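Novice: A single structure is presented below for examination.
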Amino acid sequence: MHNLLPGLRNFSEKVFPTQQKHFEALSQGQKPHTLLITCSDSRIDPNLVTQTKPGEIFIVRNAGNVVPPYGASRGGEEAAIEFAVDGLGVTNIVVCGHSQCGAMAAIANDVNLDKMPSVKRWLDHAQSTRRRMADLPGKCDLHDVVEDNVLVQVDNLKTHPAVSAAIRGGRVQVFAWVYNFESGSIAIYDPDAKRYVLSTEVREETVEDAARFAL
Ligand SMILES: [Zn+2]
């Protein structure tokens, strides 16, 4: 067993005091700018990767960074997305996949999940990823599945009325990312080039510049 208690004590006694003012300001309420939908994988630290502080990103995590189409699950994802967009007024939504994703590996390799029926049911929401990959012979390695799945989930995201209305109203922009934790790189989907480009290769500094990656 791993004992988490020393970490809690260290946070309360040593880390929190260094950020106390920030947390006091957050007690007035949250106003995150971004809804990040990513995988539950323990190797992803969203605040570290985006260099953001508590209060900046509203996070939805699940196996495979899956967004069930609107009405398909009536689950927590649907409520969190609606709340982020209509309740909190986020202006960015990012769907972020990652390297070595176990959920996507299960899809790519058609792994038998009979012993994990809940996982199996959940990954049914990524079935269109599997079908799309099956249509592309010779293009079915894990990285391709990860990249393609993010785009599938972006399409699913747009079936949510709160999201589609916010996109139409110019209140929200949606982005597709893939995080490679081994190299520390983040690839952003470029809809004009129809491929992912590394964040280090783009020099879009302003919000207006970054809009060219909106999907
Ligand atoms: Zn994953």
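Scheme for the structure tokens: letters A, B, ... for chains in order shown; per-chain residue numbers from 1; ligand numbers from 1 in order shown.
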Could you name the residues that touch Val67 in chain A at 7 Å or less, counting only C-alpha atoms, but leaving out those on the same chain fewer than 5 positions away, as a ChimeraX atom specification?

Specialist: /A:77,153,156-157

Novice: Those residues you just picked out, can you put them in a file as a compact mmCIF listing (two decimals), in the first residue's frame with C-alpha atoms?

Specialist:
# COMPACT_ATOMS: atom_id res chain seq x y z
CA GLU A 77 -19.19 14.14 -18.88
CA GLN A 153 -14.28 12.91 -29.68
CA ASN A 156 -18.91 13.96 -30.46
CA LEU A 157 -18.35 17.09 -28.37

Novice: Do you know which residues are at most 9 Å from Ile107 in chain A counting only C-alpha atoms, after dropping those on the same chain fewer than 2 positions away, and could you put them as a PDB file with C-alpha atoms, in the first residue's frame?

Specialist:
ATOM      1  CA  GLY A 102      -4.049   1.995 -22.642  1.00  0.00           C
ATOM      2  CA  ALA A 103      -7.644   2.630 -23.663  1.00  0.00           C
ATOM      3  CA  MET A 104      -6.627   3.329 -27.244  1.00  0.00           C
ATOM      4  CA  ALA A 105      -4.294   0.330 -27.228  1.00  0.00           C
ATOM      5  CA  ASN A 109      -5.373  -4.268 -30.702  1.00  0.00           C
ATOM      6  CA  ASP A 110      -9.000  -5.334 -30.288  1.00  0.00           C
ATOM      7  CA  VAL A 111      -8.216  -6.491 -26.754  1.00  0.00           C
ATOM      8  CA  LEU A 123     -15.001   2.243 -24.908  1.00  0.00           C
ATOM      9  CA  ALA A 126     -14.975   5.213 -29.162  1.00  0.00           C
ATOM     10  CA  GLN A 127     -16.302   2.636 -31.615  1.00  0.00           C
ATOM     11  CA  THR A 129     -12.529   5.478 -33.872  1.00  0.00           C
ATOM     12  CA  ARG A 130     -12.174   1.732 -34.394  1.00  0.00           C
ATOM     13  CA  LEU A 142      -1.357   3.148 -31.599  1.00  0.00           C
ATOM     14  CA  VAL A 145      -5.468   5.642 -33.155  1.00  0.00           C
TER      15      VAL A 145
END

Novice: For ligand 1, which residue among A:Arg131, A:His143, A:Arg121, A:Lys31 is the nearest when counting only C-alpha atoms and all ligand atoms?

Specialist: A:His143

Novice: Write out as a tab-separated table a residue-level contact list of range 156-207 of chain A versus range 39-42 of chain A with cut-off 12 Å: for each qualifying residue the closest pair of atoms and the distance in Å to one decimal, counting only C-alpha atoms, rows sorted by chain and residue number upward.

Specialist:
residue	atom	partner	partner_atom	distance
A:Trp177	CA	A:Cys39	CA	11.8
A:Val178	CA	A:Cys39	CA	10.6
A:Tyr179	CA	A:Cys39	CA	10.4
A:Phe181	CA	A:Ser42	CA	10.8

Novice: Create the file for the chosen residues now, containing N, CA and C atoms and written as a short mmCIF file (atom, residue, chain, number, x, y, z; two decimals), in the first residue's frame.

Specialist:
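Result file follows (again37.cif):
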data_model
loop_
_atom_site.label_atom_id
_atom_site.label_comp_id
_atom_site.auth_asym_id
_atom_site.auth_seq_id
_atom_site.Cartn_x
_atom_site.Cartn_y
_atom_site.Cartn_z
N TRP A 177 -5.59 18.14 -29.14
CA TRP A 177 -4.17 18.00 -28.79
C TRP A 177 -3.83 16.53 -28.55
N VAL A 178 -2.55 16.22 -28.73
CA VAL A 178 -2.02 14.92 -28.29
C VAL A 178 -0.73 15.19 -27.52
N TYR A 179 -0.70 14.72 -26.30
CA TYR A 179 0.46 14.92 -25.42
C TYR A 179 1.34 13.68 -25.46
N PHE A 181 4.13 12.12 -23.49
CA PHE A 181 4.80 12.35 -22.20
C PHE A 181 6.27 11.93 -22.22
#

Novice: Restricting the calculation to only C-alpha atoms and all ligand atoms: of A:Val66, A:Ala187, A:Ala72, A:Leu215, which residue gets closest to ligand 1?

Specialist: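 Of A:Val66, A:Ala187, A:Ala72, A:Leu215, the one nearest ligand 1 is A:Val66, counting only C-alpha atoms and all ligand atoms.
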
Novice: Using DSSP secondary structure from the backbone, list all strand (DSSP E or B) positions within range 83-214 of chain A, as a PyMOL selection string.

Specialist: chain A and resi 92-98+173-180+185-190+195-198

Novice: Those same residues - C-alpha atoms - I'd like them written as a CSV table (one decimal), in the first residue's frame.

Specialist:
chain,number,residue,atom,x,y,z
A,92,ASN,CA,-11.5,27.1,-24.9
A,93,ILE,CA,-12.3,23.5,-25.0
A,94,VAL,CA,-9.4,21.1,-25.5
A,95,VAL,CA,-9.7,17.4,-26.1
A,96,CYS,CA,-6.3,15.9,-25.3
A,97,GLY,CA,-5.1,12.4,-26.0
A,98,HIS,CA,-1.7,11.0,-25.1
A,173,GLN,CA,-13.2,27.5,-29.6
A,174,VAL,CA,-12.4,23.8,-29.7
A,175,PHE,CA,-8.9,22.3,-30.1
A,176,ALA,CA,-7.5,18.8,-30.5
A,177,TRP,CA,-4.2,18.0,-28.8
A,178,VAL,CA,-2.0,14.9,-28.3
A,179,TYR,CA,0.5,14.9,-25.4
A,180,ASN,CA,3.6,12.8,-25.8
A,185,SER,CA,5.8,17.5,-26.7
A,186,ILE,CA,2.2,18.5,-27.4
A,187,ALA,CA,0.9,18.2,-30.9
A,188,ILE,CA,-2.0,20.5,-31.9
A,189,TYR,CA,-4.3,19.6,-34.8
A,190,ASP,CA,-4.1,22.1,-37.7
A,195,ARG,CA,-2.4,17.1,-39.5
A,196,TYR,CA,-1.0,17.6,-36.1
A,197,VAL,CA,1.9,20.1,-35.6
A,198,LEU,CA,4.1,20.4,-32.6

Novice: Please determine, counting only C-alpha atoms, which residue among A:Tyr70, A:Ala63, A:Leu48, A:Ser27 has the shortest atom-to-atom distance to Lys120 in chain A.

Specialist: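 Looking at the shortest contact to Lys120 in chain A, the residue is A:Ala63.
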
Novice: Out of A:Leu5, A:Ile81, A:Leu113, A:Ile44, which residue has the shortest atom-to-atom distance to ligand 1 when counting only C-alpha atoms and all ligand atoms?

Specialist: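 Smallest distance to ligand 1 is found for A:Ile44.
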
Novice: Between A:Glu56, A:Asp45, A:Glu82, A:Glu13, single out the one closest to Lys158 in chain A, counting only C-alpha atoms.

Specialist: A:Glu82

Novice: Give me, as a count of residues only, the residues of range 53-169 of chain A that a backbone DSSP run labels helix (DSSP H, G or I).

Specialist: 61

Novice: Just the number, please: distance in Å from CA of Gln51 in chain A to CA of Gln19 in chain A, one decimal.

Specialist: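 Answer for the CA of Gln51 in chain A to CA of Gln19 in chain A separation: 15.1 Å.
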
Novice: Counting only C-alpha atoms, which of A:Thr50, A:Lys194, A:His125, A:Val202 gets nearest to Ser73 in chain A?

Specialist: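 Among A:Thr50, A:Lys194, A:His125, A:Val202, it is A:His125 that comes nearest to Ser73 in chain A.
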
Novice: Do a neighbour search on Arg171 in chain A at 9 Å with only C-alpha atoms, toss out local chain neighbours closer than 6 positions, and write the hits as a list of chain:residue names.

Specialist: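 Final neighbour list, sorted by chain and number: A:Val85, A:Gly89, A:Val90, A:Thr91, A:Asn92, A:Ala165.
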
Novice: Can you spit out the residues from that selection as a PDB file, in the first residue's frame, using N, CA and C atoms?

Specialist:
ATOM      1  N   VAL A  85     -19.412  25.199 -20.057  1.00  0.00           N
ATOM      2  CA  VAL A  85     -19.718  26.148 -21.138  1.00  0.00           C
ATOM      3  C   VAL A  85     -20.767  27.167 -20.695  1.00  0.00           C
ATOM      4  N   GLY A  89     -18.609  29.596 -18.439  1.00  0.00           N
ATOM      5  CA  GLY A  89     -18.238  30.448 -19.563  1.00  0.00           C
ATOM      6  C   GLY A  89     -16.819  30.259 -20.054  1.00  0.00           C
ATOM      7  N   VAL A  90     -16.342  29.008 -20.067  1.00  0.00           N
ATOM      8  CA  VAL A  90     -15.010  28.772 -20.626  1.00  0.00           C
ATOM      9  C   VAL A  90     -14.987  29.218 -22.085  1.00  0.00           C
ATOM     10  N   THR A  91     -13.820  29.647 -22.541  1.00  0.00           N
ATOM     11  CA  THR A  91     -13.717  30.094 -23.932  1.00  0.00           C
ATOM     12  C   THR A  91     -12.923  29.117 -24.802  1.00  0.00           C
ATOM     13  N   ASN A  92     -12.219  28.193 -24.164  1.00  0.00           N
ATOM     14  CA  ASN A  92     -11.515  27.130 -24.889  1.00  0.00           C
ATOM     15  C   ASN A  92     -12.042  25.779 -24.428  1.00  0.00           C
ATOM     16  N   ALA A 165     -23.945  25.579 -29.630  1.00  0.00           N
ATOM     17  CA  ALA A 165     -24.469  26.957 -29.544  1.00  0.00           C
ATOM     18  C   ALA A 165     -23.338  27.936 -29.247  1.00  0.00           C
TER      19      ALA A 165
END

Novice: I'd like the interatomic distance between CA of Leu36 in chain A and CA of Ile57 in chain A, to a tenth of an Å.

Specialist: 6.6 Å
